[in-house]
>>> print(open('upload_24.cif').read())   # mmCIF, C-alpha atoms
data_upload
#
loop_
_atom_site.label_atom_id
_atom_site.label_comp_id
_atom_site.auth_asym_id
_atom_site.auth_seq_id
_atom_site.Cartn_x
_atom_site.Cartn_y
_atom_site.Cartn_z
CA MET A 1 -23.33 -7.16 -31.38
CA VAL A 2 -24.30 -6.48 -27.76
CA LYS A 3 -22.10 -3.82 -26.20
CA LYS A 4 -19.72 -5.25 -23.65
CA ARG A 5 -19.43 -4.19 -20.02
CA VAL A 6 -16.39 -3.73 -17.81
CA ILE A 7 -17.33 -4.10 -14.14
CA PRO A 8 -15.01 -3.42 -11.20
CA CYS A 9 -15.66 -5.76 -8.29
CA LEU A 10 -15.29 -4.70 -4.68
CA ASP A 11 -14.85 -7.65 -2.33
CA VAL A 12 -15.63 -6.33 1.13
CA ALA A 13 -14.46 -7.71 4.48
CA ASP A 14 -14.71 -5.82 7.78
CA GLY A 15 -15.78 -2.69 5.94
CA ARG A 16 -12.76 -2.57 3.63
CA VAL A 17 -12.13 -3.68 0.06
CA VAL A 18 -9.76 -6.66 -0.05
CA LYS A 19 -8.16 -8.73 -2.78
CA GLY A 20 -6.10 -11.90 -2.79
CA VAL A 21 -5.13 -14.80 -5.01
CA ARG A 22 -7.55 -17.73 -5.28
CA PHE A 23 -9.49 -16.27 -2.34
CA GLU A 24 -6.44 -16.39 -0.04
CA SER A 25 -3.72 -13.98 1.23
CA LEU A 26 -6.14 -11.04 1.25
CA ARG A 27 -4.72 -7.51 1.08
CA GLU A 28 -6.58 -4.36 2.01
CA MET A 29 -7.19 -2.11 -1.00
CA GLY A 30 -9.29 0.78 0.33
CA GLU A 31 -12.69 2.02 1.46
CA PRO A 32 -15.51 0.59 -0.66
CA VAL A 33 -17.65 3.67 -1.33
CA GLN A 34 -14.62 5.84 -2.02
CA LEU A 35 -13.30 3.32 -4.55
CA ALA A 36 -16.75 2.90 -6.09
CA ARG A 37 -17.08 6.64 -6.56
CA ARG A 38 -13.69 6.72 -8.26
CA TYR A 39 -14.55 3.88 -10.63
CA SER A 40 -17.84 5.52 -11.53
CA ALA A 41 -16.05 8.75 -12.42
CA LEU A 42 -13.56 6.82 -14.56
CA GLY A 43 -16.24 5.18 -16.68
CA ALA A 44 -17.18 1.88 -15.04
CA ASP A 45 -20.29 0.46 -16.68
CA GLU A 46 -21.51 -1.14 -13.45
CA LEU A 47 -20.10 -2.20 -10.09
CA VAL A 48 -20.37 -5.29 -7.93
CA PHE A 49 -20.12 -5.26 -4.14
CA LEU A 50 -19.58 -8.69 -2.58
CA ASP A 51 -19.39 -9.17 1.18
CA ILE A 52 -17.06 -12.15 1.18
CA THR A 53 -17.32 -12.99 4.89
CA ALA A 54 -21.09 -12.76 5.48
CA THR A 55 -21.76 -16.44 4.84
CA LEU A 56 -18.80 -17.59 6.94
CA GLU A 57 -19.91 -15.33 9.80
CA GLY A 58 -23.58 -16.29 9.47
CA ARG A 59 -24.91 -12.76 9.10
CA GLY A 60 -26.90 -10.70 6.63
CA PRO A 61 -25.87 -8.18 3.96
CA ILE A 62 -23.83 -5.00 4.49
CA LEU A 63 -26.77 -2.64 4.16
CA GLY A 64 -24.90 0.38 5.49
CA VAL A 65 -22.25 0.21 2.77
CA ILE A 66 -24.88 -0.37 0.09
CA GLY A 67 -26.98 2.57 1.28
CA ARG A 68 -24.00 4.91 1.25
CA ALA A 69 -23.00 3.69 -2.21
CA ALA A 70 -26.50 4.28 -3.55
CA ASP A 71 -26.42 7.85 -2.26
CA GLU A 72 -23.27 8.60 -4.23
CA LEU A 73 -23.41 6.49 -7.40
CA THR A 74 -25.26 7.11 -10.64
CA ILE A 75 -24.33 3.81 -12.32
CA PRO A 76 -26.04 0.45 -11.67
CA PHE A 77 -24.56 -1.90 -9.11
CA THR A 78 -25.07 -5.41 -7.81
CA ALA A 79 -24.81 -6.35 -4.14
CA GLY A 80 -24.20 -9.81 -2.72
CA GLY A 81 -23.04 -11.65 0.36
CA GLY A 82 -25.28 -12.91 3.14
CA VAL A 83 -28.38 -13.18 0.93
CA THR A 84 -30.45 -16.12 2.12
CA GLY A 85 -33.85 -15.32 0.66
CA VAL A 86 -36.45 -12.77 -0.36
CA ASP A 87 -36.17 -10.62 2.76
CA ASP A 88 -32.41 -10.10 2.43
CA ALA A 89 -32.79 -9.32 -1.26
CA ARG A 90 -35.56 -6.83 -0.57
CA ASP A 91 -33.41 -5.10 2.03
CA LEU A 92 -30.56 -4.70 -0.46
CA LEU A 93 -32.82 -3.40 -3.21
CA LEU A 94 -34.48 -0.95 -0.83
CA ALA A 95 -31.02 0.19 0.26
CA GLY A 96 -30.33 1.10 -3.35
CA ALA A 97 -28.83 -1.92 -5.14
CA ASP A 98 -30.06 -2.50 -8.69
CA LYS A 99 -29.43 -6.24 -8.65
CA VAL A 100 -28.84 -8.87 -5.98
CA ALA A 101 -26.27 -11.65 -6.20
CA ILE A 102 -26.95 -14.92 -4.44
CA ASN A 103 -24.52 -17.81 -4.12
CA ARG A 104 -24.51 -20.41 -1.36
CA ALA A 105 -28.20 -20.11 -0.42
CA ALA A 106 -29.25 -20.82 -4.01
CA VAL A 107 -27.06 -23.94 -4.14
CA ASP A 108 -28.63 -25.10 -0.87
CA ASP A 109 -32.18 -24.38 -2.08
CA PRO A 110 -32.52 -23.58 -5.80
CA ALA A 111 -36.19 -22.66 -5.29
CA ILE A 112 -34.95 -19.40 -3.76
CA LEU A 113 -34.05 -18.21 -7.27
CA THR A 114 -37.63 -18.78 -8.41
CA ALA A 115 -38.96 -16.88 -5.42
CA LEU A 116 -36.61 -13.95 -6.04
CA ALA A 117 -37.50 -13.78 -9.73
CA ALA A 118 -41.21 -13.88 -8.94
CA GLU A 119 -40.87 -11.08 -6.38
CA PHE A 120 -38.40 -8.75 -8.12
CA GLY A 121 -38.07 -9.91 -11.72
CA SER A 122 -35.27 -11.98 -13.24
CA GLN A 123 -33.42 -8.82 -14.27
CA ALA A 124 -32.65 -8.19 -10.59
CA VAL A 125 -31.43 -11.71 -9.82
CA VAL A 126 -27.77 -12.64 -10.33
CA CYS A 127 -26.65 -16.17 -9.56
CA ALA A 128 -23.02 -16.00 -8.43
CA ILE A 129 -21.15 -19.23 -9.12
CA ASP A 130 -17.69 -19.90 -7.71
CA ALA A 131 -15.95 -22.84 -9.34
CA ARG A 132 -12.74 -24.76 -8.80
CA GLY A 133 -11.79 -27.31 -11.44
CA GLY A 134 -15.25 -26.85 -12.93
CA GLU A 135 -16.96 -27.82 -9.65
CA VAL A 136 -19.22 -25.49 -7.70
CA VAL A 137 -17.79 -24.42 -4.34
CA THR A 138 -19.30 -22.23 -1.65
CA HIS A 139 -18.32 -20.63 1.68
CA ALA A 140 -15.57 -18.46 0.16
CA GLY A 141 -14.30 -21.40 -1.88
CA ARG A 142 -13.90 -23.71 1.09
CA THR A 143 -16.76 -26.15 0.51
CA PRO A 144 -16.98 -28.32 -2.65
CA ARG A 145 -20.58 -29.04 -3.59
CA GLY A 146 -20.15 -32.04 -5.89
CA ARG A 147 -21.86 -30.35 -8.80
CA GLY A 148 -20.58 -29.07 -12.13
CA ALA A 149 -20.69 -25.33 -12.71
CA VAL A 150 -22.21 -25.70 -16.18
CA ASP A 151 -25.03 -27.89 -14.93
CA TRP A 152 -25.73 -25.55 -12.03
CA ALA A 153 -25.70 -22.46 -14.26
CA ARG A 154 -28.24 -24.08 -16.56
CA GLU A 155 -30.57 -24.91 -13.67
CA ALA A 156 -30.12 -21.47 -12.08
CA VAL A 157 -31.35 -19.81 -15.26
CA GLU A 158 -34.26 -22.22 -15.54
CA ARG A 159 -35.13 -21.32 -11.94
CA GLY A 160 -35.17 -17.58 -12.70
CA ALA A 161 -31.68 -16.09 -12.59
CA GLY A 162 -31.32 -13.28 -15.12
CA GLU A 163 -27.53 -13.20 -15.09
CA ILE A 164 -24.65 -15.49 -14.15
CA LEU A 165 -21.59 -14.15 -12.32
CA LEU A 166 -19.01 -16.86 -12.97
CA THR A 167 -15.81 -16.83 -10.90
CA SER A 168 -12.97 -19.26 -11.48
CA ILE A 169 -11.12 -19.66 -8.19
CA ASP A 170 -8.28 -21.34 -10.07
CA ALA A 171 -7.68 -18.10 -12.00
CA ASP A 172 -8.74 -15.56 -9.38
CA GLY A 173 -6.10 -12.93 -8.65
CA THR A 174 -3.49 -14.56 -10.90
CA ARG A 175 -3.74 -11.94 -13.68
CA ALA A 176 -3.03 -14.77 -16.12
CA GLY A 177 -6.42 -14.56 -17.84
CA TYR A 178 -9.94 -15.87 -17.26
CA ASP A 179 -10.80 -19.57 -17.34
CA LEU A 180 -11.90 -19.52 -20.96
CA GLU A 181 -12.97 -23.15 -21.13
CA LEU A 182 -15.30 -22.67 -18.18
CA THR A 183 -16.57 -19.34 -19.49
CA ARG A 184 -17.23 -20.77 -22.95
CA SER A 185 -19.06 -23.81 -21.57
CA VAL A 186 -21.34 -21.81 -19.29
CA ALA A 187 -22.06 -19.12 -21.90
CA ALA A 188 -23.05 -21.82 -24.38
CA ALA A 189 -25.34 -23.48 -21.85
CA VAL A 190 -27.46 -20.46 -20.87
CA ASP A 191 -29.39 -17.74 -22.67
CA VAL A 192 -28.72 -14.93 -20.17
CA PRO A 193 -25.64 -12.70 -19.82
CA VAL A 194 -22.55 -14.28 -18.30
CA ILE A 195 -20.06 -12.13 -16.39
CA ALA A 196 -16.57 -13.64 -16.48
CA SER A 197 -14.65 -13.24 -13.23
CA GLY A 198 -11.21 -14.20 -11.99
CA GLY A 199 -7.86 -13.68 -13.66
CA ALA A 200 -7.92 -10.35 -15.53
CA GLY A 201 -4.45 -8.90 -16.05
CA GLU A 202 -4.67 -6.96 -19.31
CA ALA A 203 -7.11 -5.90 -22.03
CA ARG A 204 -6.40 -9.02 -24.08
CA HIS A 205 -7.78 -11.17 -21.28
CA LEU A 206 -11.09 -9.30 -21.33
CA ALA A 207 -11.23 -9.63 -25.12
CA ASP A 208 -10.63 -13.38 -24.79
CA ALA A 209 -13.53 -13.63 -22.33
CA PHE A 210 -15.81 -11.74 -24.71
CA GLU A 211 -14.72 -14.05 -27.53
CA ALA A 212 -15.61 -17.02 -25.30
CA GLY A 213 -19.16 -15.71 -24.92
CA ALA A 214 -19.09 -13.48 -21.85
CA GLU A 215 -21.14 -10.32 -22.13
CA ALA A 216 -19.24 -8.62 -19.32
CA ALA A 217 -15.90 -8.92 -17.55
CA LEU A 218 -15.27 -8.40 -13.86
CA ILE A 219 -11.98 -6.78 -12.89
CA ALA A 220 -10.41 -6.13 -9.50
CA SER A 221 -6.67 -6.23 -8.81
CA ILE A 222 -5.59 -4.34 -11.92
CA VAL A 223 -7.80 -1.36 -11.11
CA HIS A 224 -7.59 -1.45 -7.32
CA GLU A 225 -3.88 -0.76 -7.62
CA ARG A 226 -4.29 1.85 -10.36
CA PRO A 227 -7.86 3.04 -10.98
CA GLU A 228 -6.77 4.98 -14.08
CA ARG A 229 -6.27 1.63 -15.79
CA LEU A 230 -10.07 1.36 -16.17
CA PRO A 231 -10.57 3.88 -19.01
CA GLU A 232 -7.39 2.61 -20.64
CA LEU A 233 -8.79 -0.93 -20.73
CA LYS A 234 -12.03 0.24 -22.31
CA ALA A 235 -10.17 2.28 -24.92
CA GLU A 236 -7.91 -0.67 -25.77
CA LEU A 237 -10.90 -2.97 -26.15
CA GLU A 238 -12.68 -0.48 -28.40
CA GLU A 239 -9.56 -0.13 -30.51
CA ALA A 240 -9.50 -3.93 -30.83
CA GLY A 241 -13.00 -3.83 -32.28
CA TRP A 242 -15.19 -4.61 -29.28
CA PRO A 243 -18.28 -2.37 -28.90
CA MET A 244 -18.16 -0.92 -25.40
CA ARG A 245 -20.79 0.87 -23.36
CA ARG A 246 -20.18 4.55 -22.77
#
>>> encode(input="upload_24.cif", output="structure tokens")
Amino acid sequence: MVKKRVIPCLDVADGRVVKGVRFESLREMGEPVQLARRYSALGADELVFLDITATLEGRGPILGVIGRAADELTIPFTAGGGVTGVDDARDLLLAGADKVAINRAAVDDPAILTALAAEFGSQAVVCAIDARGGEVVTHAGRTPRGRGAVDWAREAVERGAGEILLTSIDADGTRAGYDLELTRSVAAAVDVPVIASGGAGEARHLADAFEAGAEAALIASIVHERPERLPELKAELEEAGWPMRR
């Protein structure tokens, strides 16, 4: 069995990590590089940095934050937000990111995924999919796109994405568990790793996501409030029989 990954996610707005419920009522949680350094020390397998306001503000990626993170981290991390094509992705990778997440721009023009994979390799291309009620939404969850998440995930992989970051807005921040039906459907439809995102509240929820086919689980609220919960989660999952990365 493939070893599972636990990945803290740092949603960044105005230079600070924020977290809300279903993408609303955002609360400030701390400074991104400081939190990232803490998670790395506590055993995070990877990290994800997402600039959640770049698309709404019509600007590019947060290269300064990514560069500082790369200087201090020894674990892989993905960076997203404001990526509109090959040039933005190249800038993030040169700044030190290991993988680049792309969301709205890929929905607008799926050929971008093919261009990114051709330039950097599929292993560096993460298609981030936000879904509400199984439908793809973009612009921080504000714009429905009239397309099913499963169908879009399948095409994204065919176009060159090497990983799917799947966020259920319905579950996000609720701590009631991941959207298992959505996770299971997407994982069954693609042959690349799926990262389940949105809804983690306890170790059982991560185990449920793994059982549904996710190779990795994104966590945020439960570790932002108490970073020491991270190694506890991994230990609990290992005790439950899930092979975890070390």
>>> atom_distance(input="upload_24.cif", atom1="CA of Glu57 in chain A", atom2="CA of Gly141 in chain A")
14.3 Å
>>> resolve_selection(input="upload_24.cif", expression="the PyMOL selection byres ((chain A and resi 116-118) around 9)", output="PyMOL selection string")
chain A and resi 85-86+89+111-115+119-125+159-162
>>> atom_distance(input="upload_24.cif", atom1="CA of Asn103 in chain A", atom2="CA of Ala176 in chain A")
24.8 Å
>>> atom_distance(input="upload_24.cif", atom1="CA of Gly133 in chain A", atom2="CA of Val150 in chain A")
11.6 Å
>>> resolve_selection(input="upload_24.cif", expression="the PyMOL selection byres ((chain A and resi 50) around 9)", output="NGL selection string")
:A and (9-13 or 48-49 or 51-53 or 78-81 or 101)
>>> closest_residue(input="upload_24.cif", among="A:Ala203, A:Glu46, A:Val157, A:Val21", to="Thr174 in chain A", atoms="only C-alpha atoms")
A:Val21
>>> resolve_selection(input="upload_24.cif", expression="the PyMOL selection byres ((chain A and resi 41) around 12)", output="list in words")
Gln34, Leu35, Ala36, Arg37, Arg38, Tyr39, Ser40, Leu42, Gly43, Ala44, Asp45, Glu46, Leu47, Glu72, Leu73, Thr74, Ile75, Pro227, Glu228, Leu230, Pro231 and Arg246 of chain A
>>> residues_around(input="upload_24.cif", residues="Gly146 in chain A", least_positions_apart="5", cutoff="10 Å", atoms="only C-alpha atoms", output="list in words")
Glu135, Val136 and Val137 of chain A
>>> closest_residue(input="upload_24.cif", among="A:Lys3, A:Lys234, A:Asp108, A:Val190", to="Ala153 in chain A", atoms="only C-alpha atoms")
A:Val190
>>> residues_around(input="upload_24.cif", residues="Asp208 in chain A", least_positions_apart="6", cutoff="9 Å", atoms="all atoms listed in the file", output="list in words")
Gly177, Tyr178, Leu180 and Ala214 of chain A
>>> write_last_selection(input="upload_24.cif", atoms="C-alpha atoms", output="short mmCIF file (atom, residue, chain, number, x, y, z; two decimals), in the frame of the given file")
data_model
loop_
_atom_site.label_atom_id
_atom_site.label_comp_id
_atom_site.auth_asym_id
_atom_site.auth_seq_id
_atom_site.Cartn_x
_atom_site.Cartn_y
_atom_site.Cartn_z
CA GLY A 177 -6.42 -14.56 -17.84
CA TYR A 178 -9.94 -15.87 -17.26
CA LEU A 180 -11.90 -19.52 -20.96
CA ALA A 214 -19.09 -13.48 -21.85
#
>>> axis_aligned_box(input="upload_24.cif", around="range 146-160 of chain A", padding_each_side="5 Å", output="lines of an AutoDock Vina configuration file")
center_x = -27.7
center_y = -24.8
center_z = -11.2
size_x = 25.0
size_y = 24.5
size_z = 20.7
>>> closest_residue(input="upload_24.cif", among="A:Gly15, A:Gly67, A:Pro32, A:Gly213", to="Val192 in chain A", atoms="all atoms listed in the file")
A:Gly213
>>> closest_residue(input="upload_24.cif", among="A:Val194, A:Ala220, A:Leu182, A:Ile129", to="Val17 in chain A", atoms="all atoms listed in the file")
A:Ala220
>>> residues_near_point(input="upload_24.cif", point="(-17.6, -18.3, -21.1)", cutoff="8 Å", atoms="all atoms listed in the file", output="PyMOL selection string")
chain A and resi 179-188+194+196+209-210+212-214
>>> decode(input="upload_24.cif", residues="range 164-199 of chain A", atoms="N, CA and C atoms", output="PDB file, in the first residue's frame")
ATOM      1  N   ILE A 164      -4.313  15.772  -8.144  1.00  0.00           N
ATOM      2  CA  ILE A 164      -5.550  16.532  -7.986  1.00  0.00           C
ATOM      3  C   ILE A 164      -5.683  16.950  -6.531  1.00  0.00           C
ATOM      4  N   LEU A 165      -5.824  18.254  -6.306  1.00  0.00           N
ATOM      5  CA  LEU A 165      -6.112  18.782  -4.972  1.00  0.00           C
ATOM      6  C   LEU A 165      -7.594  19.117  -4.942  1.00  0.00           C
ATOM      7  N   LEU A 166      -8.367  18.285  -4.240  1.00  0.00           N
ATOM      8  CA  LEU A 166      -9.827  18.335  -4.315  1.00  0.00           C
ATOM      9  C   LEU A 166     -10.410  18.924  -3.031  1.00  0.00           C
ATOM     10  N   THR A 167     -10.982  20.113  -3.125  1.00  0.00           N
ATOM     11  CA  THR A 167     -11.546  20.785  -1.959  1.00  0.00           C
ATOM     12  C   THR A 167     -13.060  20.856  -2.057  1.00  0.00           C
ATOM     13  N   SER A 168     -13.718  20.330  -1.041  1.00  0.00           N
ATOM     14  CA  SER A 168     -15.173  20.456  -0.936  1.00  0.00           C
ATOM     15  C   SER A 168     -15.487  21.717  -0.137  1.00  0.00           C
ATOM     16  N   ILE A 169     -16.070  22.702  -0.784  1.00  0.00           N
ATOM     17  CA  ILE A 169     -16.440  23.929  -0.081  1.00  0.00           C
ATOM     18  C   ILE A 169     -17.562  23.650   0.917  1.00  0.00           C
ATOM     19  N   ASP A 170     -18.414  22.690   0.608  1.00  0.00           N
ATOM     20  CA  ASP A 170     -19.494  22.345   1.533  1.00  0.00           C
ATOM     21  C   ASP A 170     -18.943  21.882   2.886  1.00  0.00           C
ATOM     22  N   ALA A 171     -17.810  21.204   2.871  1.00  0.00           N
ATOM     23  CA  ALA A 171     -17.230  20.656   4.100  1.00  0.00           C
ATOM     24  C   ALA A 171     -16.147  21.546   4.697  1.00  0.00           C
ATOM     25  N   ASP A 172     -15.606  22.466   3.909  1.00  0.00           N
ATOM     26  CA  ASP A 172     -14.444  23.237   4.331  1.00  0.00           C
ATOM     27  C   ASP A 172     -14.650  23.948   5.670  1.00  0.00           C
ATOM     28  N   GLY A 173     -13.726  23.719   6.590  1.00  0.00           N
ATOM     29  CA  GLY A 173     -13.746  24.406   7.872  1.00  0.00           C
ATOM     30  C   GLY A 173     -14.763  23.893   8.872  1.00  0.00           C
ATOM     31  N   THR A 174     -15.580  22.909   8.486  1.00  0.00           N
ATOM     32  CA  THR A 174     -16.640  22.430   9.373  1.00  0.00           C
ATOM     33  C   THR A 174     -16.122  21.456  10.428  1.00  0.00           C
ATOM     34  N   ARG A 175     -15.013  20.800  10.135  1.00  0.00           N
ATOM     35  CA  ARG A 175     -14.437  19.762  11.006  1.00  0.00           C
ATOM     36  C   ARG A 175     -15.376  18.576  11.188  1.00  0.00           C
ATOM     37  N   ALA A 176     -16.285  18.402  10.242  1.00  0.00           N
ATOM     38  CA  ALA A 176     -17.242  17.300  10.300  1.00  0.00           C
ATOM     39  C   ALA A 176     -16.841  16.142   9.397  1.00  0.00           C
ATOM     40  N   GLY A 177     -15.679  16.241   8.756  1.00  0.00           N
ATOM     41  CA  GLY A 177     -15.214  15.188   7.873  1.00  0.00           C
ATOM     42  C   GLY A 177     -15.212  15.627   6.414  1.00  0.00           C
ATOM     43  N   TYR A 178     -14.387  14.965   5.626  1.00  0.00           N
ATOM     44  CA  TYR A 178     -14.284  15.258   4.195  1.00  0.00           C
ATOM     45  C   TYR A 178     -15.561  14.829   3.457  1.00  0.00           C
ATOM     46  N   ASP A 179     -15.741  15.349   2.277  1.00  0.00           N
ATOM     47  CA  ASP A 179     -16.843  14.908   1.412  1.00  0.00           C
ATOM     48  C   ASP A 179     -16.409  13.580   0.801  1.00  0.00           C
ATOM     49  N   LEU A 180     -16.798  12.491   1.418  1.00  0.00           N
ATOM     50  CA  LEU A 180     -16.303  11.179   1.016  1.00  0.00           C
ATOM     51  C   LEU A 180     -16.870  10.733  -0.327  1.00  0.00           C
ATOM     52  N   GLU A 181     -18.117  11.090  -0.601  1.00  0.00           N
ATOM     53  CA  GLU A 181     -18.697  10.714  -1.895  1.00  0.00           C
ATOM     54  C   GLU A 181     -17.929  11.372  -3.034  1.00  0.00           C
ATOM     55  N   LEU A 182     -17.642  12.651  -2.881  1.00  0.00           N
ATOM     56  CA  LEU A 182     -16.885  13.370  -3.904  1.00  0.00           C
ATOM     57  C   LEU A 182     -15.478  12.806  -4.016  1.00  0.00           C
ATOM     58  N   THR A 183     -14.829  12.597  -2.880  1.00  0.00           N
ATOM     59  CA  THR A 183     -13.466  12.061  -2.886  1.00  0.00           C
ATOM     60  C   THR A 183     -13.418  10.703  -3.565  1.00  0.00           C
ATOM     61  N   ARG A 184     -14.349   9.839  -3.215  1.00  0.00           N
ATOM     62  CA  ARG A 184     -14.382   8.488  -3.789  1.00  0.00           C
ATOM     63  C   ARG A 184     -14.604   8.536  -5.301  1.00  0.00           C
ATOM     64  N   SER A 185     -15.489   9.402  -5.743  1.00  0.00           N
ATOM     65  CA  SER A 185     -15.808   9.490  -7.171  1.00  0.00           C
ATOM     66  C   SER A 185     -14.624   9.998  -7.978  1.00  0.00           C
ATOM     67  N   VAL A 186     -13.948  11.012  -7.463  1.00  0.00           N
ATOM     68  CA  VAL A 186     -12.797  11.558  -8.189  1.00  0.00           C
ATOM     69  C   VAL A 186     -11.636  10.565  -8.175  1.00  0.00           C
ATOM     70  N   ALA A 187     -11.371   9.959  -7.016  1.00  0.00           N
ATOM     71  CA  ALA A 187     -10.263   9.002  -6.924  1.00  0.00           C
ATOM     72  C   ALA A 187     -10.470   7.822  -7.872  1.00  0.00           C
ATOM     73  N   ALA A 188     -11.719   7.415  -8.042  1.00  0.00           N
ATOM     74  CA  ALA A 188     -12.007   6.294  -8.938  1.00  0.00           C
ATOM     75  C   ALA A 188     -11.882   6.682 -10.409  1.00  0.00           C
ATOM     76  N   ALA A 189     -11.973   7.980 -10.683  1.00  0.00           N
ATOM     77  CA  ALA A 189     -12.000   8.446 -12.075  1.00  0.00           C
ATOM     78  C   ALA A 189     -10.617   8.748 -12.635  1.00  0.00           C
ATOM     79  N   VAL A 190      -9.608   8.892 -11.764  1.00  0.00           N
ATOM     80  CA  VAL A 190      -8.280   9.285 -12.222  1.00  0.00           C
ATOM     81  C   VAL A 190      -7.224   8.296 -11.728  1.00  0.00           C
ATOM     82  N   ASP A 191      -6.076   8.307 -12.401  1.00  0.00           N
ATOM     83  CA  ASP A 191      -5.001   7.386 -12.024  1.00  0.00           C
ATOM     84  C   ASP A 191      -3.793   8.128 -11.456  1.00  0.00           C
ATOM     85  N   VAL A 192      -4.036   9.316 -10.893  1.00  0.00           N
ATOM     86  CA  VAL A 192      -2.984  10.080 -10.217  1.00  0.00           C
ATOM     87  C   VAL A 192      -3.421  10.299  -8.773  1.00  0.00           C
ATOM     88  N   PRO A 193      -2.496  10.686  -7.888  1.00  0.00           N
ATOM     89  CA  PRO A 193      -2.874  10.907  -6.494  1.00  0.00           C
ATOM     90  C   PRO A 193      -3.929  12.001  -6.338  1.00  0.00           C
ATOM     91  N   VAL A 194      -4.861  11.748  -5.427  1.00  0.00           N
ATOM     92  CA  VAL A 194      -5.875  12.732  -5.060  1.00  0.00           C
ATOM     93  C   VAL A 194      -5.625  13.157  -3.618  1.00  0.00           C
ATOM     94  N   ILE A 195      -5.579  14.471  -3.397  1.00  0.00           N
ATOM     95  CA  ILE A 195      -5.451  15.032  -2.057  1.00  0.00           C
ATOM     96  C   ILE A 195      -6.830  15.499  -1.629  1.00  0.00           C
ATOM     97  N   ALA A 196      -7.366  14.895  -0.569  1.00  0.00           N
ATOM     98  CA  ALA A 196      -8.673  15.309  -0.052  1.00  0.00           C
ATOM     99  C   ALA A 196      -8.509  16.565   0.788  1.00  0.00           C
ATOM    100  N   SER A 197      -9.416  17.509   0.611  1.00  0.00           N
ATOM    101  CA  SER A 197      -9.314  18.788   1.318  1.00  0.00           C
ATOM    102  C   SER A 197     -10.697  19.272   1.718  1.00  0.00           C
ATOM    103  N   GLY A 198     -10.768  19.808   2.948  1.00  0.00           N
ATOM    104  CA  GLY A 198     -12.015  20.406   3.421  1.00  0.00           C
ATOM    105  C   GLY A 198     -12.766  19.532   4.392  1.00  0.00           C
ATOM    106  N   GLY A 199     -12.686  19.860   5.698  1.00  0.00           N
ATOM    107  CA  GLY A 199     -13.533  19.185   6.660  1.00  0.00           C
ATOM    108  C   GLY A 199     -12.852  18.371   7.739  1.00  0.00           C
TER     109      GLY A 199
END
